[in-house]
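With mmCIF, C-alpha atoms inside, this is structure-v3.cif:
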data_upload
loop_
_atom_site.label_atom_id
_atom_site.label_comp_id
_atom_site.auth_asym_id
_atom_site.auth_seq_id
_atom_site.Cartn_x
_atom_site.Cartn_y
_atom_site.Cartn_z
CA MET A 15 94.52 116.17 96.93
CA ASP A 16 91.76 117.82 98.88
CA ASP A 17 90.72 115.68 101.78
CA GLN A 18 87.84 117.82 103.02
CA GLN A 19 85.25 119.91 101.24
CA PRO A 20 84.92 123.62 102.04
CA ASP A 21 81.94 123.00 104.32
CA GLY A 22 84.07 120.67 106.44
CA LYS A 23 82.42 117.48 105.23
CA VAL A 24 84.60 114.61 104.09
CA ASP A 25 84.83 114.15 100.33
CA LYS A 26 83.55 110.55 100.24
CA GLU A 27 84.03 110.22 96.49
CA LEU A 28 87.69 111.20 96.81
CA VAL A 29 88.13 108.59 99.54
CA ALA A 30 86.46 105.98 97.30
CA MET A 31 88.69 106.95 94.38
CA PHE A 32 91.80 106.62 96.54
CA LEU A 33 90.67 103.26 97.91
CA ASN A 34 90.39 101.96 94.35
CA MET A 35 94.11 102.58 93.80
CA THR A 36 96.85 100.12 94.69
CA PRO A 37 99.11 101.01 97.67
CA GLU A 38 101.88 101.93 95.21
CA GLU A 39 99.58 104.23 93.26
CA ARG A 40 98.50 105.92 96.49
CA VAL A 41 102.08 106.64 97.59
CA SER A 42 102.91 107.80 94.08
CA ALA A 43 99.94 110.20 94.17
CA ASN A 44 101.23 111.52 97.48
CA ASP A 45 104.73 111.92 96.00
CA ASN A 46 103.31 113.94 93.14
CA ALA A 47 101.33 116.15 95.52
CA ALA A 48 104.39 116.60 97.75
CA LEU A 49 106.52 117.53 94.75
CA ALA A 50 103.97 120.10 93.63
CA ILE A 51 103.82 121.57 97.15
CA GLN A 52 107.61 121.83 97.31
CA GLU A 53 107.80 123.48 93.89
CA LEU A 54 105.14 126.00 94.85
CA ARG A 55 106.85 126.74 98.17
CA HIS A 56 110.15 127.17 96.36
CA ALA A 57 108.56 129.51 93.81
CA PHE A 58 106.96 131.54 96.59
CA GLN A 59 110.26 131.74 98.45
CA GLN A 60 112.05 132.88 95.29
CA ARG A 61 109.45 135.59 94.79
CA LYS A 62 109.86 136.73 98.39
CA ASN A 63 113.63 136.83 97.97
CA ARG A 64 113.39 138.86 94.76
CA GLU A 65 110.78 141.30 95.96
CA PRO A 66 110.91 142.16 99.66
CA GLY A 67 107.34 142.68 100.84
CA ALA A 68 105.92 140.74 97.90
CA GLU A 69 104.10 138.39 100.23
CA ARG A 70 101.91 141.30 101.30
CA ALA A 71 101.08 142.41 97.75
CA SER A 72 97.55 141.76 96.57
CA MET B 297 114.37 121.85 98.82
CA PRO B 298 118.12 122.53 98.94
CA PHE B 299 120.48 120.74 101.33
CA SER B 300 122.94 122.89 103.24
CA ASN B 301 125.68 121.39 101.05
CA GLY B 302 123.99 122.72 97.93
CA LYS B 303 122.45 119.41 96.86
CA THR B 304 118.73 119.11 96.45
CA GLU B 305 116.34 116.46 97.70
CA SER B 306 113.36 115.30 95.73
CA PRO B 307 110.31 114.13 97.64
CA GLY B 308 110.59 110.53 96.58
CA LEU B 309 108.90 108.98 99.56
CA SER B 310 108.28 105.88 97.45
CA GLU B 311 112.03 105.55 96.96
CA LEU B 312 112.63 106.08 100.66
CA LEU B 313 110.17 103.35 101.56
CA GLU B 314 111.61 101.03 98.94
CA GLY B 315 115.15 101.70 100.13
CA LEU B 316 114.30 100.86 103.74
CA SER B 317 112.66 97.62 102.64
CA HIS B 318 115.44 96.71 100.25
CA ALA B 319 117.99 97.17 103.03
CA GLY B 320 116.17 94.52 105.07
CA ILE B 321 115.29 96.90 107.88
CA GLU B 322 112.51 95.79 110.21
CA PHE B 323 110.18 98.74 110.64
CA ILE B 324 106.52 99.65 110.97
CA LEU B 325 105.23 102.49 108.85
CA VAL B 326 103.20 104.88 111.03
CA GLY B 327 101.95 108.46 110.58
CA GLY B 328 100.50 110.10 107.51
CA LEU B 329 102.03 107.79 104.91
CA ALA B 330 100.58 104.77 106.73
CA ALA B 331 97.17 106.36 106.27
CA VAL B 332 97.91 107.20 102.62
CA ILE B 333 99.02 103.68 101.78
CA GLN B 334 95.79 102.31 103.27
CA GLY B 335 93.64 104.62 101.19
CA ALA B 336 93.20 107.92 103.04
CA PRO B 337 93.45 110.81 100.52
CA ILE B 338 95.71 113.07 102.54
CA THR B 339 99.11 114.52 101.68
CA THR B 340 102.21 114.09 103.77
CA LEU B 341 105.76 115.22 103.21
CA ASP B 342 107.63 112.75 105.39
CA VAL B 343 107.99 109.09 106.29
CA ASP B 344 107.50 108.06 109.92
CA ILE B 345 108.72 104.66 111.05
CA VAL B 346 109.08 102.74 114.29
CA HIS B 347 112.12 100.48 114.00
CA ARG B 348 112.92 97.25 115.79
CA GLN B 349 115.59 97.94 118.36
CA THR B 350 117.91 94.99 117.86
CA PRO B 351 121.64 95.49 117.23
CA ASP B 352 121.45 93.88 113.76
CA ASN B 353 118.50 96.02 112.70
CA ILE B 354 120.09 99.20 114.00
CA ALA B 355 123.28 98.37 112.09
CA ARG B 356 121.26 97.90 108.87
CA LEU B 357 119.38 101.12 109.50
CA ALA B 358 122.58 103.06 110.18
CA GLY B 359 124.06 101.71 106.94
CA PHE B 360 121.03 102.74 104.95
CA LEU B 361 121.03 106.23 106.49
CA LYS B 362 124.67 106.69 105.52
CA ALA B 363 123.85 105.78 101.90
CA ALA B 364 120.82 108.08 101.98
CA GLU B 365 123.02 111.01 103.17
CA ALA B 366 120.84 111.40 106.24
CA HIS B 367 121.41 114.16 108.73
CA HIS B 368 119.46 115.67 111.58
CA ARG B 369 116.89 118.33 110.70
CA ARG B 370 118.03 121.49 112.43
CA LEU B 371 117.24 125.18 112.33
CA ASP B 372 120.90 126.03 111.73
CA ASP B 373 123.14 124.86 108.87
CA ARG B 374 125.13 122.31 110.85
CA VAL B 375 125.23 118.90 109.21
CA ILE B 376 125.12 116.21 111.89
CA GLU B 377 124.80 112.62 110.81
CA PRO B 378 122.81 110.17 112.93
CA THR B 379 124.74 107.44 114.72
CA ALA B 380 123.89 103.87 115.66
CA GLU B 381 124.12 104.93 119.30
CA GLN B 382 121.42 107.56 118.76
CA LEU B 383 119.20 105.03 116.99
CA ALA B 384 119.61 102.66 119.93
CA ALA B 385 118.96 105.34 122.55
CA GLY B 386 115.20 105.00 122.44
CA GLY B 387 114.33 108.52 121.31
CA HIS B 388 113.31 110.13 118.03
CA CYS B 389 115.65 110.94 115.16
CA LEU B 390 114.14 113.55 112.85
CA LEU B 391 116.22 113.44 109.69
CA ARG B 392 116.60 114.77 106.18
CA THR B 393 117.69 112.32 103.51
CA ARG B 394 118.26 112.69 99.80
CA PHE B 395 114.83 111.09 99.31
CA GLY B 396 112.98 113.38 101.72
CA PRO B 397 112.34 113.74 105.44
CA LEU B 398 112.43 110.62 107.59
CA ASP B 399 111.31 110.43 111.21
CA ILE B 400 112.73 107.42 113.01
CA LEU B 401 110.91 106.69 116.23
CA ALA B 402 111.87 104.15 118.86
CA THR B 403 108.38 104.38 120.31
CA ILE B 404 105.12 106.17 119.58
CA GLU B 405 102.30 107.38 121.79
CA GLN B 406 102.21 105.78 125.23
CA GLY B 407 105.71 104.41 124.65
CA GLN B 408 104.69 101.59 122.32
CA THR B 409 107.62 99.79 120.72
CA TYR B 410 107.95 97.88 117.44
CA ASP B 411 107.22 94.57 119.16
CA GLU B 412 104.17 95.95 120.96
CA LEU B 413 102.77 97.48 117.77
CA LEU B 414 103.40 94.41 115.62
CA PRO B 415 100.04 92.70 116.33
CA ARG B 416 98.27 95.84 115.08
CA THR B 417 99.95 95.97 111.69
CA VAL B 418 98.95 94.89 108.21
CA LYS B 419 101.34 93.55 105.60
CA ILE B 420 101.26 95.43 102.32
CA GLU B 421 103.14 94.56 99.16
CA PHE B 422 105.04 97.56 97.90
CA ARG B 423 107.38 97.49 94.91
CA GLY B 424 108.09 93.81 95.42
CA HIS B 425 108.64 94.10 99.16
CA ILE B 426 106.31 93.32 102.05
CA ILE B 427 106.12 96.25 104.43
CA ARG B 428 104.37 96.38 107.77
CA VAL B 429 101.97 99.26 108.24
CA LEU B 430 100.16 100.28 111.41
CA GLU B 431 96.52 99.42 110.73
CA LEU B 432 94.14 102.28 110.06
CA GLU B 433 92.05 101.60 113.16
CA ALA B 434 95.14 101.83 115.39
CA LEU B 435 96.26 105.00 113.59
CA ILE B 436 92.87 106.58 114.24
CA ALA B 437 93.07 105.64 117.93
CA LEU B 438 96.50 107.28 118.15
CA LYS B 439 95.40 110.43 116.31
CA LYS B 440 92.51 110.80 118.76
CA THR B 441 95.01 111.19 121.59
CA SER B 442 97.16 113.66 119.64
CA ASN B 443 97.35 117.35 120.49
CA ASP B 444 98.45 118.23 116.96
CA PRO B 445 95.68 120.21 115.18
CA LYS B 446 96.73 118.61 111.87
CA ASP B 447 95.85 115.19 113.30
CA THR B 448 92.48 116.39 114.55
CA GLN B 449 91.71 117.88 111.15
CA ARG B 450 92.56 114.65 109.34
CA LEU B 451 90.61 112.35 111.63
CA PRO B 452 87.27 112.51 109.71
CA VAL B 453 89.05 111.54 106.48
CA LEU B 454 90.76 108.57 108.12
CA GLU B 455 87.48 107.50 109.71
CA GLU B 456 85.67 107.72 106.36
CA ALA B 457 88.39 105.60 104.70
CA LEU B 458 88.03 103.01 107.45
CA ARG B 459 84.24 103.07 107.13
CA GLN B 460 84.42 102.45 103.38
CA LEU B 461 87.02 99.71 103.84
CA LYS B 462 84.81 97.94 106.38
CA GLN B 463 81.81 98.35 104.11
CA ALA B 464 83.79 96.69 101.33
CA GLY B 465 84.76 93.92 103.75
CA LYS B 466 88.50 94.67 103.66
CA PRO B 467 89.44 96.65 106.77
#

Show this structure as structure tokens.
Amino acid sequence: MDDQQPDGKVDKELVAMFLNMTPEERVSANDNAALAIQELRHAFQQRKNREPGAERAS
Amino acid sequence: MPFSNGKTESPGLSELLEGLSHAGIEFILVGGLAAVIQGAPITTLDVDIVHRQTPDNIARLAGFLKAAEAHHRRLDDRVIEPTAEQLAAGGHCLLRTRFGPLDILATIEQGQTYDELLPRTVKIEFRGHIIRVLELEALIALKKTSNDPKDTQRLPVLEEALRQLKQAGKP
């Protein structure tokens, strides 16, 4: 979920889309986003652990 | 995210919210998830609640935390479980549970308690339970006094959600 556009303006359509969901659907969407973030963080951490200095690689 | 005991937690904030409700705990949902549940498209990784500080409620909360394998979030590996005494002490308990992080607050900005916040809540049906959520307008007012850059960054999104809700006649 991107809450703001690159130019700093609020994504009004995304807000409208979210408002059309039920409260349960909104929390579920957040859960899914949180899960994805955790998986990506974990993957990044694993990579860092395997390859010291990998975080600086291009 | 691994626990220090080798177990893993999954970010089931829905399950955490449902568990608190199912346990009959009186609480007000505040923070990022309160904004999410009212329609703000932001992402948050924890649940923040203000609990009612009565002995019965604290006993229910302590029982739930035991079942949820809650322990204090710490920088070291020590596993320290929260106690009823800590929950009654009037401070903050920042915990990890098997469902995800849970911040239990006796008060929020300007020392507002559960009873003081109650008039500024909305009731929302969630998985068959009615939960009390700090209304979006009150959340925005709180975020405006926050020094956390994350709160400042999110403010325009919360304000746009409130604007659209008002426009639709359902603030």

Can I get the residues of chain B within 6 Å of chain A, each with the closest pair of atoms and their distance in Å to one decimal, using all atoms listed in the file, sorted chain first then ascending number, as a tab-separated table?
residue	atom	partner	partner_atom	distance
B:Pro307	CA	A:Leu49	CA	5.9
B:Ile333	CA	A:Pro37	CA	4.9
B:Gly335	CA	A:Leu33	CA	4.6
B:Pro337	CA	A:Asp17	CA	5.7
B:Ile338	CA	A:Asp17	CA	5.7
B:Thr339	CA	A:Asn44	CA	5.6
B:Leu341	CA	A:Ala48	CA	5.8
B:Val453	CA	A:Val24	CA	5.9
B:Ala457	CA	A:Val29	CA	6.0

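Of the listed residues B:Asp342, B:Asp444, B:Glu381, B:Glu405, the one whose atoms come nearest to B:Ser310 is B:Asp342, with distances taken using all atoms listed in the file.
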
Where's the centre, and what are the edge lengths in Å to one decimal, of a box along x, y and z enclosing all listed atoms of stretch 51-56 of chain A padded 4 Å per side, as AutoDock Vina command-line options?
--center_x 107.0 --center_y 124.4 --center_z 96.0 --size_x 14.3 --size_y 13.6 --size_z 12.3

(message) As a check of understanding, name the residues that the PyMOL selection byres ((chain B and resi 423-434) around 9) selects in the supplied structure, as JSON, numbers by chain.
(response) {"A": [38], "B": [310, 313, 314, 317, 318, 322, 323, 324, 325, 326, 327, 330, 331, 333, 334, 413, 414, 416, 417, 418, 419, 420, 421, 422, 435, 436, 437, 438, 439, 454, 455, 457, 458, 467]}

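Taking atom CA of A:Gln60 and atom CA of B:Glu365 as endpoints, the distance between them is 25.7 Å.
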
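Rounded to one decimal, atom CA of B:Thr448 and atom CA of B:Ile404 lie 17.0 Å from each other.
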
Neighbour list for B:Pro351 as an mmCIF file with C-alpha atoms, in the coordinates of the input, cut-off 9 Å, all atoms listed in the file, skip fewer than 4 positions in-chain:
data_model
loop_
_atom_site.group_PDB
_atom_site.id
_atom_site.type_symbol
_atom_site.label_atom_id
_atom_site.label_comp_id
_atom_site.auth_asym_id
_atom_site.auth_seq_id
_atom_site.Cartn_x
_atom_site.Cartn_y
_atom_site.Cartn_z
ATOM 1 C CA ALA B 355 123.280 98.370 112.090
ATOM 2 C CA ARG B 356 121.260 97.900 108.870
ATOM 3 C CA ALA B 380 123.890 103.870 115.660
ATOM 4 C CA ALA B 384 119.610 102.660 119.930
#

(request) Run the PyMOL selection byres ((chain B and resi 370) around 12) against the file shown and list the residues it catches, as a list in words. (result) Phe299, Ser300, His367, His368, Arg369, Leu371, Asp372, Asp373, Arg374, Val375, Ile376, Glu377, Cys389, Leu390, Leu391, Arg392 and Pro397 of chain B

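When the PyMOL selection byres ((chain B and resi 394) around 6) is evaluated on the file shown here, the picked residues come out as Glu305, Ala364, Thr393, Phe395 and Gly396 of chain B.
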